[in-house]
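Raw work-v8.cif, mmCIF, C-alpha atoms:
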```cif
data_model
#
loop_
_atom_site.label_atom_id
_atom_site.label_comp_id
_atom_site.auth_asym_id
_atom_site.auth_seq_id
_atom_site.Cartn_x
_atom_site.Cartn_y
_atom_site.Cartn_z
CA SER V 16 89.95 114.34 144.53
CA GLN V 17 87.77 115.92 141.90
CA GLY V 18 85.30 114.94 139.22
CA PHE V 19 84.81 116.89 136.00
CA PRO V 20 81.60 115.36 134.63
CA ASP V 21 81.37 117.54 131.52
CA ALA V 22 84.83 116.42 130.42
CA GLY V 23 84.40 112.91 131.84
CA ILE V 24 87.66 113.07 133.81
CA TYR V 25 87.77 111.88 137.42
CA ILE V 26 90.76 112.17 139.75
CA LEU V 27 90.91 109.88 142.76
CA ARG V 28 93.71 110.74 145.15
CA ASP V 29 95.15 110.73 148.63
CA ASP V 30 98.28 112.60 149.74
CA HIS V 31 100.66 110.72 147.44
CA LEU V 32 98.54 108.81 144.93
CA PRO V 33 96.63 110.47 142.09
CA MET V 34 94.70 108.18 139.73
CA THR V 35 92.91 109.60 136.69
CA VAL V 36 89.98 107.83 135.04
CA ASN V 37 88.48 108.51 131.61
CA ALA V 38 84.71 108.30 131.89
CA GLY V 39 83.39 110.75 129.36
CA PRO V 40 82.45 111.62 125.80
CA ASN V 41 84.79 111.91 122.82
CA GLY V 42 84.69 115.70 122.74
CA GLN V 43 84.32 118.14 119.84
CA ASN V 44 80.55 117.62 119.84
CA GLY V 45 80.99 113.90 119.33
CA ARG V 46 83.52 114.08 116.51
CA GLY V 47 86.40 112.93 118.72
CA GLY V 48 89.20 114.47 116.69
CA HIS V 49 91.70 114.08 119.53
CA ALA V 50 89.97 111.25 121.40
CA HIS V 51 91.52 107.86 122.07
CA ASN V 52 89.90 104.47 122.74
CA HIS V 53 90.47 104.63 126.48
CA LYS V 54 86.96 104.39 127.92
CA LEU V 55 87.28 103.54 131.64
CA GLY V 56 91.06 103.78 131.23
CA ILE V 57 93.25 104.81 134.16
CA THR V 58 96.65 106.33 134.83
CA LEU V 59 98.44 106.01 138.17
CA GLN V 60 101.20 108.05 139.77
CA ILE V 61 102.67 107.66 143.25
CA GLY V 62 104.78 110.59 144.34
CA ALA V 63 106.92 111.56 141.35
CA ASP V 64 106.83 108.06 139.82
CA GLU V 65 104.53 106.97 137.00
CA TRP V 66 103.25 103.39 137.44
CA MET V 67 100.48 103.16 134.83
CA ILE V 68 100.86 105.48 131.88
CA ASP V 69 99.07 106.98 128.92
CA PRO V 70 101.02 106.24 125.72
CA GLY V 71 100.74 109.73 124.26
CA THR V 72 100.07 110.59 120.61
CA PHE V 73 103.35 110.11 118.64
CA VAL V 74 102.13 111.42 115.23
CA TYR V 75 99.01 112.66 113.46
CA THR V 76 98.95 112.62 109.64
CA ALA V 77 102.58 111.57 109.08
CA ASN V 78 101.63 107.90 109.55
CA TYR V 79 98.00 106.79 109.78
CA GLU V 80 98.90 103.34 111.11
CA SER V 81 101.01 104.75 113.95
CA ARG V 82 98.30 107.29 114.74
CA ASP V 83 95.78 104.47 115.21
CA ILE V 84 98.18 102.32 117.25
CA PHE V 85 98.67 105.07 119.81
CA ARG V 86 94.96 105.85 120.12
CA SER V 87 93.92 102.18 120.20
CA THR V 88 92.27 100.28 123.05
CA HIS V 89 95.35 98.03 123.16
CA ALA V 90 97.52 101.04 124.07
CA HIS V 91 95.56 101.99 127.20
CA ASN V 92 94.76 100.74 130.69
CA THR V 93 91.34 99.23 130.16
CA ILE V 94 89.74 95.99 128.91
CA GLN V 95 89.74 94.96 125.25
CA VAL V 96 87.17 92.48 123.95
CA ASP V 97 88.04 90.00 121.17
CA GLY V 98 90.96 92.16 120.04
CA LEU V 99 88.51 94.81 118.82
CA GLU V 100 88.45 98.56 119.31
CA GLN V 101 86.00 100.13 121.75
CA ILE V 102 85.09 102.40 118.82
CA GLU V 103 85.98 101.38 115.27
CA PHE V 104 88.41 103.61 113.40
CA THR V 105 87.51 105.26 110.11
CA GLN V 106 90.22 104.36 107.58
CA HIS V 107 92.61 107.21 106.71
CA ASN V 108 90.68 109.57 108.95
CA PRO V 109 92.94 110.23 111.96
CA PHE V 110 90.75 112.97 113.41
CA THR V 111 87.44 111.15 113.75
CA LEU V 112 86.26 108.83 116.51
CA MET V 113 82.49 108.47 116.42
CA PRO V 114 80.41 108.65 119.64
CA ASP V 115 79.67 104.90 119.55
CA ALA V 116 80.70 104.04 123.11
CA PRO V 117 78.41 106.03 125.40
CA THR V 118 79.65 106.19 128.99
CA ILE V 119 77.49 106.30 132.12
CA VAL V 120 78.72 107.38 135.55
CA HIS V 121 76.53 105.41 137.94
CA ARG V 122 78.06 106.76 141.14
CA TRP V 123 80.79 109.17 142.26
CA VAL V 124 81.70 109.54 145.95
CA ASN V 125 84.50 111.80 147.18
CA SER V 126 85.16 111.80 150.93
CA ASP V 127 88.04 112.11 153.39
CA GLN V 128 87.99 108.34 153.97
CA TYR V 129 87.58 107.00 150.42
CA ASP V 130 86.73 107.75 146.79
CA LEU V 131 84.40 105.58 144.72
CA LEU V 132 83.74 105.76 140.98
CA ASP V 133 81.27 103.42 139.28
CA VAL V 134 81.18 103.79 135.48
CA SER V 135 80.33 101.76 132.36
CA HIS V 136 80.59 102.06 128.59
CA ALA V 137 78.64 100.46 125.75
CA GLY V 138 81.27 100.35 122.99
CA TYR V 139 81.04 96.58 122.65
CA MET V 140 77.26 96.46 122.64
CA ARG V 141 77.53 96.69 118.82
CA LEU V 142 78.78 93.09 118.67
CA GLU V 143 76.42 90.33 117.58
CA GLU V 144 77.06 88.79 120.99
CA SER V 145 77.09 92.05 122.89
CA VAL V 146 79.31 92.93 125.86
CA SER V 147 78.95 95.63 128.53
CA HIS V 148 81.99 96.73 130.56
CA ARG V 149 81.44 98.24 134.00
CA ARG V 150 84.36 99.38 136.18
CA GLN V 151 84.12 100.22 139.87
CA ILE V 152 87.16 101.87 141.48
CA TYR V 153 87.54 102.24 145.24
CA LEU V 154 90.45 104.21 146.74
CA HIS V 155 90.90 103.81 150.50
CA LYS V 156 92.57 106.86 152.05
CA ASP V 157 92.86 105.99 155.73
CA THR V 158 96.07 104.91 157.52
CA THR V 159 97.11 102.56 154.69
CA SER V 160 96.15 103.53 151.16
CA TYR V 161 95.02 100.85 148.73
CA CYS V 162 92.93 100.68 145.58
CA LEU V 163 90.39 98.11 144.32
CA ILE V 164 89.37 97.93 140.65
CA TYR V 165 86.37 95.70 139.97
CA ASP V 166 85.70 95.03 136.27
CA ILE V 167 82.36 93.42 135.45
CA LEU V 168 81.73 92.01 131.96
CA THR V 169 78.16 91.06 131.14
CA GLY V 170 76.41 90.13 127.92
CA GLU V 171 76.19 87.17 125.61
CA GLY V 172 78.40 84.42 124.23
CA HIS V 173 82.07 83.42 124.48
CA HIS V 174 84.75 86.13 124.32
CA THR V 175 88.48 86.76 124.70
CA LEU V 176 89.02 89.46 127.31
CA ASP V 177 92.31 91.33 127.78
CA LEU V 178 92.85 93.35 130.95
CA LEU V 179 95.70 95.71 130.03
CA PHE V 180 98.16 97.71 132.13
CA GLN V 181 100.71 99.98 130.40
CA VAL V 182 103.57 100.35 132.89
CA GLY V 183 106.25 102.20 130.90
CA ASP V 184 109.78 101.60 132.18
CA VAL V 185 108.61 99.82 135.32
CA SER V 186 110.08 96.34 135.84
CA VAL V 187 107.65 93.50 136.50
CA ASN V 188 108.18 90.37 138.60
CA ILE V 189 105.52 87.72 137.91
CA SER V 190 105.42 85.41 140.94
CA SER V 191 102.18 83.66 139.90
CA GLN V 192 99.22 84.11 137.57
CA ASN V 193 97.55 86.22 140.25
CA ASN V 194 100.47 88.04 141.91
CA LEU V 195 102.78 90.64 140.38
CA THR V 196 105.29 93.09 141.80
CA LEU V 197 106.04 96.31 139.93
CA ILE V 198 109.55 97.64 140.62
CA GLN V 199 110.82 101.18 140.08
CA GLY V 200 114.11 102.04 141.76
CA ASN V 201 113.68 101.24 145.46
CA SER V 202 109.88 101.38 145.24
CA ARG V 203 107.55 98.38 144.98
CA LEU V 204 103.89 98.14 144.03
CA GLY V 205 102.01 94.85 144.41
CA LEU V 206 99.19 93.77 142.10
CA PHE V 207 96.83 90.94 142.96
CA ILE V 208 94.25 89.79 140.38
CA ASN V 209 91.26 87.56 141.09
CA SER V 210 88.59 86.42 138.67
CA SER V 211 85.61 84.12 138.34
CA GLN V 212 87.42 82.14 135.59
CA PRO V 213 91.06 81.07 134.94
CA ILE V 214 93.33 83.80 133.64
CA GLY V 215 96.75 83.92 132.01
CA VAL V 216 99.31 86.72 132.35
CA ARG V 217 102.11 87.89 130.05
CA LEU V 218 104.58 90.75 130.01
CA GLU V 219 104.74 92.23 126.50
CA GLU V 220 106.31 95.15 124.66
CA ASN V 221 104.27 98.14 123.60
CA TRP V 222 105.07 101.78 122.77
CA ARG V 223 104.91 105.18 124.36
CA ALA V 224 105.55 108.62 122.86
CA ILE V 225 108.07 110.62 124.85
CA SER V 226 107.39 113.65 122.63
CA TYR V 227 105.77 114.32 119.27
CA GLY V 228 107.43 112.16 116.60
CA HIS V 229 109.55 110.25 119.13
CA LYS V 230 108.61 106.88 120.59
CA THR V 231 110.24 104.32 122.85
CA LYS V 232 109.43 100.77 123.88
CA SER V 233 107.22 100.34 126.92
CA ASN V 234 106.21 97.40 129.11
CA MET V 235 102.62 96.15 129.08
CA ILE V 236 100.96 93.59 131.34
CA ARG V 237 98.23 91.57 129.62
CA TYR V 238 95.81 89.42 131.58
CA ARG V 239 93.79 87.21 129.23
CA GLN V 240 90.65 85.21 129.81
CA ASP V 241 88.67 83.14 127.28
CA THR V 242 85.26 82.64 128.78
CA ASN V 243 81.51 82.79 128.54
CA LEU V 244 79.89 85.84 130.09
CA PRO V 245 79.29 87.06 132.72
CA THR V 246 82.69 87.30 134.36
CA TYR V 247 84.77 89.71 136.44
CA PHE V 248 88.31 90.81 137.28
CA LEU V 249 89.21 92.15 140.73
CA THR V 250 92.51 94.05 140.87
CA ILE V 251 94.00 95.05 144.23
#
```
Using the file provided, produce a representation of the structure as structure tokens.
Amino acid sequence: SQGFPDAGIYILRDDHLPMTVNAGPNGQNGRGGHAHNHKLGITLQIGADEWMIDPGTFVYTANYESRDIFRSTHAHNTIQVDGLEQIEFTQHNPFTLMPDAPTIVHRWVNSDQYDLLDVSHAGYMRLEESVSHRRQIYLHKDTTSYCLIYDILTGEGHHTLDLLFQVGDVSVNISSQNNLTLIQGNSRLGLFINSSQPIGVRLEENWRAISYGHKTKSNMIRYRQDTNLPTYFLTI
């Protein structure tokens, strides 16, 4: 495991499970020319298999709409509030993402027994009824590896919250609103979601770029909650 605080990239891992977390600035002295709206976003790999993916870039100036789709909050493994971007896009400016979602790393622990990352961003504090998103990730490394992701949403008012997981070609079996099984070949990965308020779950189509200029359909899990704040999601 390793943290790179200047870049805002943290890698939590045991022998077979690397998870990356985006917890940093936009880069390029705040201009964010190549940044995406993936504050507190994760990717997950187990062995050689990808379970939670980054969508890639697809194109730059060839299609402004596609450029924004692939760098959107909706395309990453984080929480989206009211269908809005963590940082608003500048129209027809595909190489700017303003530093409007400052990120704070509250705690980073890397040990032989566990990793712990506690981080928040303020991208949705611009809303009239402001929202703060804090994500705490615990990776247990002992005899049986498991991961806990605790998302805390605080602020004001009533909001629609989408907890998003981009799973690529992985098949998904939804046994209940709280229990999912991800299936890839002979491998299985269980997801259990708990929250302070009722949640709904849907499997939807999204996109991933397999190389520049080439895209393919990708599976996305969307957990949705319409609620007053504060609230939380606990993913195991």
Could you list, as a PyMOL selection string, every residue matched by the PyMOL selection byres ((chain V and resi 16) around 7) in this structure?
chain V and resi 17+26-28+125
Just-selected residues, C-alpha atoms written as an mmCIF file, in the coordinates of the input:
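Saved result, out_18.cif, follows:
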```
data_model
loop_
_atom_site.group_PDB
_atom_site.id
_atom_site.type_symbol
_atom_site.label_atom_id
_atom_site.label_comp_id
_atom_site.auth_asym_id
_atom_site.auth_seq_id
_atom_site.Cartn_x
_atom_site.Cartn_y
_atom_site.Cartn_z
ATOM 1 C CA GLN V 17 87.770 115.920 141.900
ATOM 2 C CA ILE V 26 90.760 112.170 139.750
ATOM 3 C CA LEU V 27 90.910 109.880 142.760
ATOM 4 C CA ARG V 28 93.710 110.740 145.150
ATOM 5 C CA ASN V 125 84.500 111.800 147.180
#
```
Show me, as a VMD selection string, the residues that have an atom within 12 Å of range 78-82 of chain V when counting only C-alpha atoms, minus same-chain residues fewer than 2 positions from it.
chain V and resid 48 to 52 70 to 76 84 to 87 90 104 to 111 222 to 224 227 to 230
Once the PyMOL selection byres ((chain V and resi 194) around 9) is applied to the coordinates I shared, what remains selected? I want it as an NGL selection string.
:V and (188-193 or 195-196 or 205-208)
Selection result for the PyMOL selection byres ((chain V and resi 158) around 12) on this file, as a PyMOL selection string
chain V and resi 29-30+127-129+155-157+159-161
Step by step: start from the point (96.9, 105.0, 136.2) in the file's coordinates, keep every protein, DNA or RNA residue that has an atom no farther than 9 Å from it, count all atoms listed in the file, and write the set as a list in words.
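Result, sorted by chain then residue number: Pro33, Met34, Thr35, Val36, Gly56, Ile57, Thr58, Leu59, Gln60, Glu65, Trp66, Met67, Ile68, Asp69, Asn92, Phe180, Gln181 and Val182 of chain V.
For the atom pair formed by CA of Ile102 in chain V and CA of Ala116 in chain V, the distance is 6.4 Å, given to one decimal.
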Could you check the closest approach to Leu197 in chain V for each of V:Ile167, V:Ala63, V:Leu112, V:Met235 and tell me which residue wins, using all atoms listed in the file?
V:Met235
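Comparing V:Val216, V:Leu168, V:Val134, V:Val185 by their smallest distance to Asn201 in chain V, the closest is V:Val185 (using only C-alpha atoms).
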From V:Glu100, V:Asp133, V:Asp64, V:Glu220, residue lying nearest Leu154 in chain V [all atoms listed in the file]:
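Nearest candidate to Leu154 in chain V out of V:Glu100, V:Asp133, V:Asp64, V:Glu220: V:Asp133.
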Using only C-alpha atoms, which residue out of V:Ala38, V:Ile152, V:Leu32, V:Leu163 lies closest to Phe19 in chain V?
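Among the listed residues, V:Ala38 lies closest to Phe19 in chain V.
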Please, what distance in Å, to one decimal, runs between CA of Ser145 in chain V and CA of Asn41 in chain V?
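CA of Asn41 in chain V lies at a distance of 21.3 Å from CA of Ser145 in chain V.
Closest approach to Asp166 in chain V from the set V:Leu179, V:Ile236, V:Val124, V:Leu218 is made by V:Leu179, with distances taken over only C-alpha atoms.
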Between V:Asp115, V:Asp21, V:Asp130, V:Asp177, which one has atoms that come closest to Leu99 in chain V, using only C-alpha atoms?
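Answer, going by the shortest atom-to-atom distance: V:Asp177.
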Got a sec to check which residues sit within 9 Å of (87.4, 96.5, 133.6), counting only C-alpha atoms, and write them as a PyMOL selection string?
chain V and resi 55-56+92-95+135+148-151+164-168+178+247-249
